[in-house]
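Undergrad: Structure: my_file28.cif, mmCIF, N, CA and C atoms.
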```cif
data_work
loop_
_atom_site.label_atom_id
_atom_site.label_comp_id
_atom_site.auth_asym_id
_atom_site.auth_seq_id
_atom_site.Cartn_x
_atom_site.Cartn_y
_atom_site.Cartn_z
N MET O 1 97.81 114.15 79.57
CA MET O 1 97.01 113.78 80.72
C MET O 1 96.56 112.33 80.58
N CYS O 2 96.58 111.63 81.67
CA CYS O 2 96.14 110.24 81.68
C CYS O 2 94.61 110.22 81.50
N ALA O 3 94.14 109.36 80.62
CA ALA O 3 92.70 109.26 80.36
C ALA O 3 91.95 108.67 81.55
N ASP O 4 92.62 107.89 82.38
CA ASP O 4 91.95 107.26 83.51
C ASP O 4 91.90 108.13 84.76
N CYS O 5 93.02 108.81 85.07
CA CYS O 5 93.07 109.54 86.34
C CYS O 5 93.37 111.03 86.19
N ALA O 6 93.55 111.53 84.97
CA ALA O 6 93.81 112.94 84.68
C ALA O 6 95.12 113.46 85.28
N THR O 7 96.07 112.57 85.52
CA THR O 7 97.40 112.96 86.00
C THR O 7 98.28 113.29 84.80
N PRO O 8 99.13 114.30 84.88
CA PRO O 8 100.03 114.59 83.75
C PRO O 8 100.95 113.39 83.45
N ILE O 9 101.09 113.09 82.17
CA ILE O 9 101.93 111.99 81.72
C ILE O 9 103.39 112.44 81.75
N ARG O 10 104.28 111.55 82.14
CA ARG O 10 105.71 111.82 82.11
C ARG O 10 106.32 111.14 80.90
N THR O 11 107.38 111.75 80.37
CA THR O 11 108.02 111.19 79.18
C THR O 11 109.54 111.22 79.33
N TYR O 12 110.20 110.33 78.59
CA TYR O 12 111.65 110.29 78.54
C TYR O 12 112.05 109.68 77.21
N GLN O 13 113.05 110.26 76.56
CA GLN O 13 113.57 109.72 75.30
C GLN O 13 115.08 109.60 75.42
N TYR O 14 115.62 108.56 74.77
CA TYR O 14 117.07 108.48 74.67
C TYR O 14 117.48 107.99 73.30
N ARG O 15 118.67 108.42 72.89
CA ARG O 15 119.19 108.06 71.58
C ARG O 15 119.77 106.65 71.64
N PHE O 16 119.53 105.92 70.55
CA PHE O 16 119.97 104.53 70.46
C PHE O 16 121.13 104.38 69.49
N HIS O 17 121.28 105.33 68.56
CA HIS O 17 122.29 105.26 67.51
C HIS O 17 123.30 106.39 67.66
N PRO O 18 124.55 106.20 67.18
CA PRO O 18 125.56 107.27 67.26
C PRO O 18 125.22 108.42 66.31
N PRO O 19 125.80 109.62 66.54
CA PRO O 19 125.47 110.80 65.73
C PRO O 19 125.73 110.63 64.23
N GLU O 20 126.71 109.84 63.84
CA GLU O 20 127.02 109.69 62.42
C GLU O 20 126.09 108.71 61.71
N SER O 21 125.21 108.05 62.44
CA SER O 21 124.29 107.07 61.86
C SER O 21 123.11 107.75 61.16
N ALA O 22 122.64 107.12 60.10
CA ALA O 22 121.44 107.62 59.42
C ALA O 22 120.20 107.48 60.31
N SER O 23 120.28 106.61 61.30
CA SER O 23 119.14 106.38 62.20
C SER O 23 119.24 107.17 63.50
N TYR O 24 120.12 108.16 63.56
CA TYR O 24 120.34 108.92 64.78
C TYR O 24 119.06 109.54 65.34
N GLU O 25 118.16 109.95 64.45
CA GLU O 25 116.93 110.61 64.90
C GLU O 25 115.88 109.61 65.41
N ARG O 26 116.13 108.33 65.22
CA ARG O 26 115.22 107.31 65.76
C ARG O 26 115.63 107.02 67.19
N CYS O 27 114.78 107.36 68.12
CA CYS O 27 115.07 107.24 69.55
C CYS O 27 114.05 106.32 70.20
N ILE O 28 114.33 105.95 71.43
CA ILE O 28 113.39 105.16 72.20
C ILE O 28 112.69 106.11 73.17
N GLY O 29 111.37 106.09 73.14
CA GLY O 29 110.58 106.97 73.99
C GLY O 29 109.74 106.19 74.98
N PHE O 30 109.66 106.70 76.19
CA PHE O 30 108.82 106.12 77.24
C PHE O 30 107.80 107.15 77.66
N PHE O 31 106.59 106.71 77.91
CA PHE O 31 105.48 107.55 78.35
C PHE O 31 104.81 106.80 79.48
N TRP O 32 104.56 107.46 80.62
CA TRP O 32 103.93 106.75 81.73
C TRP O 32 103.10 107.66 82.60
N CYS O 33 102.15 107.03 83.28
CA CYS O 33 101.32 107.72 84.27
C CYS O 33 101.85 107.32 85.65
N PRO O 34 102.31 108.28 86.45
CA PRO O 34 102.86 107.94 87.75
C PRO O 34 101.81 107.44 88.75
N GLU O 35 100.55 107.75 88.53
CA GLU O 35 99.51 107.30 89.45
C GLU O 35 98.99 105.91 89.10
N CYS O 36 98.67 105.70 87.84
CA CYS O 36 98.16 104.39 87.40
C CYS O 36 99.27 103.36 87.27
N ARG O 37 100.52 103.84 87.18
CA ARG O 37 101.69 102.98 87.01
C ARG O 37 101.60 102.16 85.72
N VAL O 38 101.12 102.80 84.67
CA VAL O 38 101.03 102.20 83.34
C VAL O 38 102.02 102.93 82.45
N TYR O 39 102.78 102.18 81.63
CA TYR O 39 103.74 102.82 80.75
C TYR O 39 103.68 102.22 79.35
N GLN O 40 104.26 102.94 78.41
CA GLN O 40 104.35 102.49 77.03
C GLN O 40 105.72 102.92 76.51
N SER O 41 106.31 102.10 75.67
CA SER O 41 107.58 102.47 75.03
C SER O 41 107.46 102.21 73.54
N GLN O 42 108.15 103.05 72.75
CA GLN O 42 108.12 102.88 71.31
C GLN O 42 109.24 103.70 70.69
N MET O 43 109.51 103.45 69.40
CA MET O 43 110.48 104.25 68.67
C MET O 43 109.82 105.61 68.37
N VAL O 44 110.58 106.68 68.58
CA VAL O 44 110.09 108.03 68.33
C VAL O 44 111.13 108.79 67.52
N HIS O 45 110.70 109.85 66.86
CA HIS O 45 111.61 110.70 66.08
C HIS O 45 111.96 111.92 66.92
N VAL O 46 113.26 112.16 67.10
CA VAL O 46 113.74 113.35 67.79
C VAL O 46 114.76 114.01 66.87
N SER O 47 114.54 115.25 66.54
CA SER O 47 115.40 115.99 65.62
C SER O 47 116.86 116.00 66.08
N ARG O 48 117.76 116.03 65.11
CA ARG O 48 119.19 116.18 65.41
C ARG O 48 119.46 117.51 66.11
N LYS O 49 118.57 118.46 65.94
CA LYS O 49 118.76 119.79 66.51
C LYS O 49 118.50 119.83 68.01
N LEU O 50 118.03 118.72 68.58
CA LEU O 50 117.79 118.66 70.02
C LEU O 50 118.80 117.73 70.68
N GLU O 51 119.31 118.17 71.82
CA GLU O 51 120.21 117.34 72.62
C GLU O 51 119.38 116.73 73.75
N LEU O 52 119.38 115.42 73.84
CA LEU O 52 118.62 114.75 74.90
C LEU O 52 119.50 114.61 76.14
N VAL O 53 118.91 114.81 77.30
CA VAL O 53 119.62 114.69 78.56
C VAL O 53 119.65 113.21 78.94
N ASP O 54 120.83 112.69 79.22
CA ASP O 54 120.98 111.29 79.64
C ASP O 54 121.05 111.25 81.16
N VAL O 55 119.93 110.95 81.80
CA VAL O 55 119.90 110.94 83.26
C VAL O 55 120.66 109.75 83.83
N LEU O 56 120.95 108.75 82.99
CA LEU O 56 121.72 107.60 83.45
C LEU O 56 123.22 107.82 83.26
N GLY O 57 123.61 108.90 82.59
CA GLY O 57 125.00 109.18 82.29
C GLY O 57 125.95 109.17 83.49
N PRO O 58 125.58 109.78 84.62
CA PRO O 58 126.50 109.81 85.76
C PRO O 58 126.68 108.46 86.45
N LEU O 59 125.84 107.48 86.15
CA LEU O 59 125.92 106.19 86.82
C LEU O 59 127.02 105.33 86.23
N PRO O 60 127.59 104.40 87.02
CA PRO O 60 128.56 103.45 86.46
C PRO O 60 127.90 102.59 85.38
N GLU O 61 128.69 102.13 84.42
CA GLU O 61 128.15 101.42 83.25
C GLU O 61 127.35 100.18 83.63
N ASP O 62 127.81 99.41 84.61
CA ASP O 62 127.07 98.19 84.99
C ASP O 62 125.72 98.53 85.61
N GLU O 63 125.65 99.63 86.37
CA GLU O 63 124.37 100.04 86.96
C GLU O 63 123.42 100.57 85.89
N ARG O 64 123.98 101.33 84.90
CA ARG O 64 123.16 101.80 83.78
C ARG O 64 122.53 100.64 83.04
N ASP O 65 123.33 99.61 82.75
CA ASP O 65 122.81 98.44 82.05
C ASP O 65 121.75 97.72 82.87
N ARG O 66 121.96 97.64 84.17
CA ARG O 66 120.98 96.97 85.05
C ARG O 66 119.65 97.71 85.06
N ILE O 67 119.70 99.03 85.04
CA ILE O 67 118.47 99.83 85.08
C ILE O 67 117.80 99.88 83.71
N ARG O 68 118.57 99.98 82.64
CA ARG O 68 118.00 100.18 81.31
C ARG O 68 117.38 98.93 80.70
N LYS O 69 117.90 97.77 81.00
CA LYS O 69 117.47 96.56 80.29
C LYS O 69 115.99 96.21 80.47
N PRO O 70 115.50 95.91 81.64
CA PRO O 70 114.04 95.70 81.69
C PRO O 70 113.35 97.06 81.73
N ASP O 71 112.43 97.28 80.80
CA ASP O 71 111.75 98.58 80.71
C ASP O 71 111.13 99.02 82.02
N HIS O 72 110.51 98.10 82.74
CA HIS O 72 109.79 98.50 83.95
C HIS O 72 110.75 99.03 85.02
N VAL O 73 111.98 98.53 85.06
CA VAL O 73 112.95 99.04 86.03
C VAL O 73 113.37 100.47 85.65
N LEU O 74 113.58 100.71 84.36
CA LEU O 74 113.92 102.05 83.90
C LEU O 74 112.81 103.05 84.21
N VAL O 75 111.57 102.67 83.92
CA VAL O 75 110.44 103.57 84.18
C VAL O 75 110.31 103.85 85.68
N ALA O 76 110.48 102.84 86.51
CA ALA O 76 110.39 103.04 87.96
C ALA O 76 111.52 103.97 88.44
N TYR O 77 112.71 103.80 87.89
CA TYR O 77 113.84 104.66 88.26
C TYR O 77 113.58 106.10 87.83
N LEU O 78 113.13 106.28 86.58
CA LEU O 78 112.83 107.63 86.08
C LEU O 78 111.73 108.28 86.90
N ASP O 79 110.72 107.51 87.27
CA ASP O 79 109.63 108.06 88.06
C ASP O 79 110.13 108.51 89.43
N SER O 80 111.04 107.73 90.03
CA SER O 80 111.58 108.12 91.34
C SER O 80 112.40 109.41 91.21
N LEU O 81 113.15 109.57 90.09
CA LEU O 81 113.89 110.81 89.88
C LEU O 81 112.94 111.99 89.70
N ALA O 82 111.86 111.79 88.94
CA ALA O 82 110.89 112.86 88.72
C ALA O 82 110.23 113.28 90.03
N ARG O 83 109.96 112.34 90.90
CA ARG O 83 109.36 112.66 92.20
C ARG O 83 110.33 113.48 93.07
N GLN O 84 111.64 113.34 92.82
CA GLN O 84 112.65 114.11 93.55
C GLN O 84 112.89 115.48 92.91
N GLY O 85 112.23 115.73 91.77
CA GLY O 85 112.36 117.03 91.12
C GLY O 85 113.40 117.09 90.01
N VAL O 86 113.98 115.96 89.63
CA VAL O 86 114.96 115.93 88.54
C VAL O 86 114.21 116.11 87.22
N THR O 87 114.73 116.95 86.33
CA THR O 87 114.11 117.15 85.01
C THR O 87 115.10 116.79 83.92
N TRP O 88 114.59 116.48 82.76
CA TRP O 88 115.44 116.08 81.62
C TRP O 88 114.87 116.60 80.31
N GLU O 89 114.51 117.86 80.28
CA GLU O 89 113.97 118.46 79.06
C GLU O 89 115.05 118.54 77.98
N PRO O 90 114.69 118.21 76.72
CA PRO O 90 115.67 118.36 75.63
C PRO O 90 116.06 119.82 75.46
N ARG O 91 117.28 120.06 74.98
CA ARG O 91 117.75 121.42 74.74
C ARG O 91 118.41 121.47 73.36
N PRO O 92 118.62 122.66 72.82
CA PRO O 92 119.24 122.75 71.48
C PRO O 92 120.60 122.06 71.46
N ALA O 93 120.87 121.34 70.39
CA ALA O 93 122.14 120.62 70.25
C ALA O 93 123.27 121.62 70.01
N PRO O 94 124.48 121.27 70.48
CA PRO O 94 125.61 122.16 70.24
C PRO O 94 125.97 122.19 68.75
N PRO O 95 126.56 123.29 68.27
CA PRO O 95 126.95 123.34 66.85
C PRO O 95 128.06 122.33 66.58
N GLY O 96 128.12 121.88 65.33
CA GLY O 96 129.18 120.96 64.94
C GLY O 96 128.79 119.49 65.03
N LEU O 97 127.55 119.20 65.37
CA LEU O 97 127.11 117.80 65.41
C LEU O 97 127.08 117.26 63.99
N PRO O 98 127.66 116.07 63.76
CA PRO O 98 127.68 115.56 62.38
C PRO O 98 126.28 115.38 61.84
N GLY O 99 126.12 115.70 60.58
CA GLY O 99 124.82 115.54 59.92
C GLY O 99 124.61 114.12 59.46
N PRO O 100 123.43 113.84 58.91
CA PRO O 100 123.15 112.49 58.43
C PRO O 100 123.96 112.21 57.17
N PRO O 101 124.22 110.94 56.89
CA PRO O 101 124.88 110.60 55.63
C PRO O 101 124.05 111.09 54.45
N PRO O 102 124.68 111.35 53.27
CA PRO O 102 123.97 111.96 52.15
C PRO O 102 122.79 111.16 51.61
N ASP O 103 122.74 109.86 51.78
CA ASP O 103 121.67 109.08 51.18
C ASP O 103 120.42 108.97 52.05
N THR O 104 120.32 109.73 53.13
CA THR O 104 119.18 109.60 54.03
C THR O 104 117.96 110.39 53.58
N ASP O 105 118.03 111.10 52.45
CA ASP O 105 116.88 111.86 51.97
C ASP O 105 115.84 110.97 51.31
N ALA O 106 116.19 109.74 51.03
CA ALA O 106 115.25 108.82 50.39
C ALA O 106 114.12 108.49 51.37
N PRO O 107 112.89 108.36 50.86
CA PRO O 107 111.78 108.01 51.75
C PRO O 107 111.99 106.62 52.35
N ARG O 108 111.56 106.46 53.57
CA ARG O 108 111.71 105.19 54.27
C ARG O 108 110.36 104.51 54.39
N ARG O 109 110.40 103.18 54.31
CA ARG O 109 109.16 102.43 54.47
C ARG O 109 108.82 102.29 55.95
N ARG O 110 107.56 102.35 56.23
CA ARG O 110 107.10 102.15 57.61
C ARG O 110 106.72 100.70 57.81
N LYS O 111 106.95 100.22 59.00
CA LYS O 111 106.53 98.85 59.31
C LYS O 111 105.03 98.85 59.52
N ARG O 112 104.39 97.88 58.95
CA ARG O 112 102.95 97.76 59.13
C ARG O 112 102.64 96.78 60.25
N GLY O 113 101.57 97.04 60.92
CA GLY O 113 101.12 96.12 61.95
C GLY O 113 101.91 96.20 63.24
N HIS O 114 102.75 97.24 63.39
CA HIS O 114 103.51 97.37 64.63
C HIS O 114 102.57 97.84 65.73
N ARG O 115 102.54 97.10 66.79
CA ARG O 115 101.64 97.45 67.90
C ARG O 115 102.45 97.71 69.16
N THR O 116 101.95 98.60 69.95
CA THR O 116 102.55 98.85 71.25
C THR O 116 101.52 98.48 72.30
N ALA O 117 102.00 98.09 73.44
CA ALA O 117 101.10 97.67 74.51
C ALA O 117 101.36 98.52 75.75
N HIS O 118 100.31 98.77 76.48
CA HIS O 118 100.46 99.44 77.77
C HIS O 118 100.85 98.36 78.77
N ARG O 119 101.85 98.67 79.59
CA ARG O 119 102.31 97.71 80.58
C ARG O 119 102.35 98.37 81.94
N ARG O 120 102.29 97.57 82.96
CA ARG O 120 102.37 98.06 84.34
C ARG O 120 103.71 97.66 84.94
N TRP O 121 104.19 98.51 85.86
CA TRP O 121 105.36 98.12 86.63
C TRP O 121 104.92 98.02 88.07
N THR O 122 105.50 97.11 88.79
CA THR O 122 105.10 96.87 90.17
C THR O 122 106.32 96.93 91.07
N GLY O 123 106.07 96.86 92.34
CA GLY O 123 107.15 96.87 93.30
C GLY O 123 107.65 98.29 93.55
N ARG O 124 108.64 98.37 94.39
CA ARG O 124 109.22 99.66 94.72
C ARG O 124 110.26 100.05 93.69
N PRO O 125 110.35 101.33 93.37
CA PRO O 125 111.37 101.75 92.41
C PRO O 125 112.76 101.56 93.00
N PRO O 126 113.77 101.30 92.16
CA PRO O 126 115.14 101.16 92.67
C PRO O 126 115.63 102.50 93.21
N ARG O 127 116.56 102.42 94.10
CA ARG O 127 117.12 103.65 94.69
C ARG O 127 117.95 104.38 93.66
N PRO O 128 117.81 105.71 93.58
CA PRO O 128 118.64 106.47 92.63
C PRO O 128 120.09 106.51 93.05
#
```
In C-alpha cells, write the structure found in this file.

TA:
Amino acid sequence: MCADCATPIRTYQYRFHPPESASYERCIGFFWCPECRVYQSQMVHVSRKLELVDVLGPLPEDERDRIRKPDHVLVAYLDSLARQGVTWEPRPAPPGLPGPPPDTDAPRRRKRGHRTAHRRWTGRPPRP
C-alpha cells in the first residue's frame, strides 16, 4: 500500500541474465503507485524456481527496446497494461531449467551505500 494515498502498489520484475549465468536470480524490479505516479527500481532476487512473465515479449524488438530503456516509459506502459486488466504474476518454472554454475555457493559481498530514489513519471502512457 502506498504510504501517501493507501493505493495498492504495483510491481514488475524481469530477468537480466541468461539461465546459465550465476547472476540469473538477480533481476530488475519496479514498484509504483498508480495514483501518486511515483516509482522505484532496484535489483531484486527472484528464485530460479519462478518463471517471470515477459509482458514485452510479444512486441517487436525495436519497440521493446524503446519502451524498456527509459524507466519512466516502461512504468507508464506497465501501468496502462494493468489498467486494462493484464496480469504478470510469476509462476513455477518448467523442469529442466539449467542450474547455477557450481561455484555460486560462495557468499557474495553486498555493495555498501547503494541508494534508490523515488521518481515520478509524467505525461500520457504510451499506447500498448

Undergrad: Please provide as a list in words all residues within 12 Å of His17 of chain O, with the sequence filter that same-chain residues fewer than 2 positions apart are discarded (counting only C-alpha atoms).

TA: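 Within the cut-off, the hits are Tyr14, Arg15, Pro19, Glu20, Ser21, Ala22, Ser23, Tyr24, Glu25, Arg26, Cys27, Ile28, Met43, Val46, Arg48 and Pro100 of chain O.
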
Undergrad: Pick out the closest residue to Thr87 of chain O from this set: O:Val55, O:Cys33, O:Ala6, O:Met1. Count all atoms listed in the file.

TA: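 Of the candidates, the smallest distance to Thr87 of chain O is held by O:Val55.
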
Undergrad: With all atoms listed in the file counted and 8 Å as the cut-off, give the residues of segment 24-62 of chain O in contact with segment 66-74 of chain O, each with its shortest interatomic distance in Å and the pair that gives it, as a tab-separated table.

TA:
```
residue	atom	partner	partner_atom	distance
O:Pro60	C	O:Arg66	N	7.8
O:Glu61	C	O:Arg66	N	6.0
O:Asp62	C	O:Arg66	N	4.1
```

Undergrad: Can you measure atom CA of Leu50 of chain O to atom CA of Val75 of chain O for me? One decimal in Å is fine.

TA: 22.0 Å

Undergrad: Hey, what comes out of the PyMOL selection byres ((chain O and resi 12) around 6) on this file? Could you write it as a ChimeraX atom specification?

TA: /O:10-11,13-14,28-31

Undergrad: Between atom CA of Glu63 of chain O and atom CA of Pro92 of chain O, what is the spacing in Å?

TA: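 Interatomic distance, atom CA of Pro92 of chain O to atom CA of Glu63 of chain O: 28.0 Å.
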
Undergrad: What does the distance between atom CA of Pro58 of chain O and atom CA of Cys36 of chain O come to in Å, to one decimal place?

TA: 28.9 Å

Undergrad: Can you tell me, as a ChimeraX atom specification, what residues are no more than 7 Å from Glu51 of chain O when counting only N, CA and C atoms, ignoring any on the same chain fewer than 3 positions away?

TA: /O:47-48,54,89-94

Undergrad: From the list O:Ala3, O:Ile9, O:Pro18, O:Ser80, which residue is nearest Trp32 of chain O when using all atoms listed in the file?

TA: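 Nearest to Trp32 of chain O: O:Ile9.
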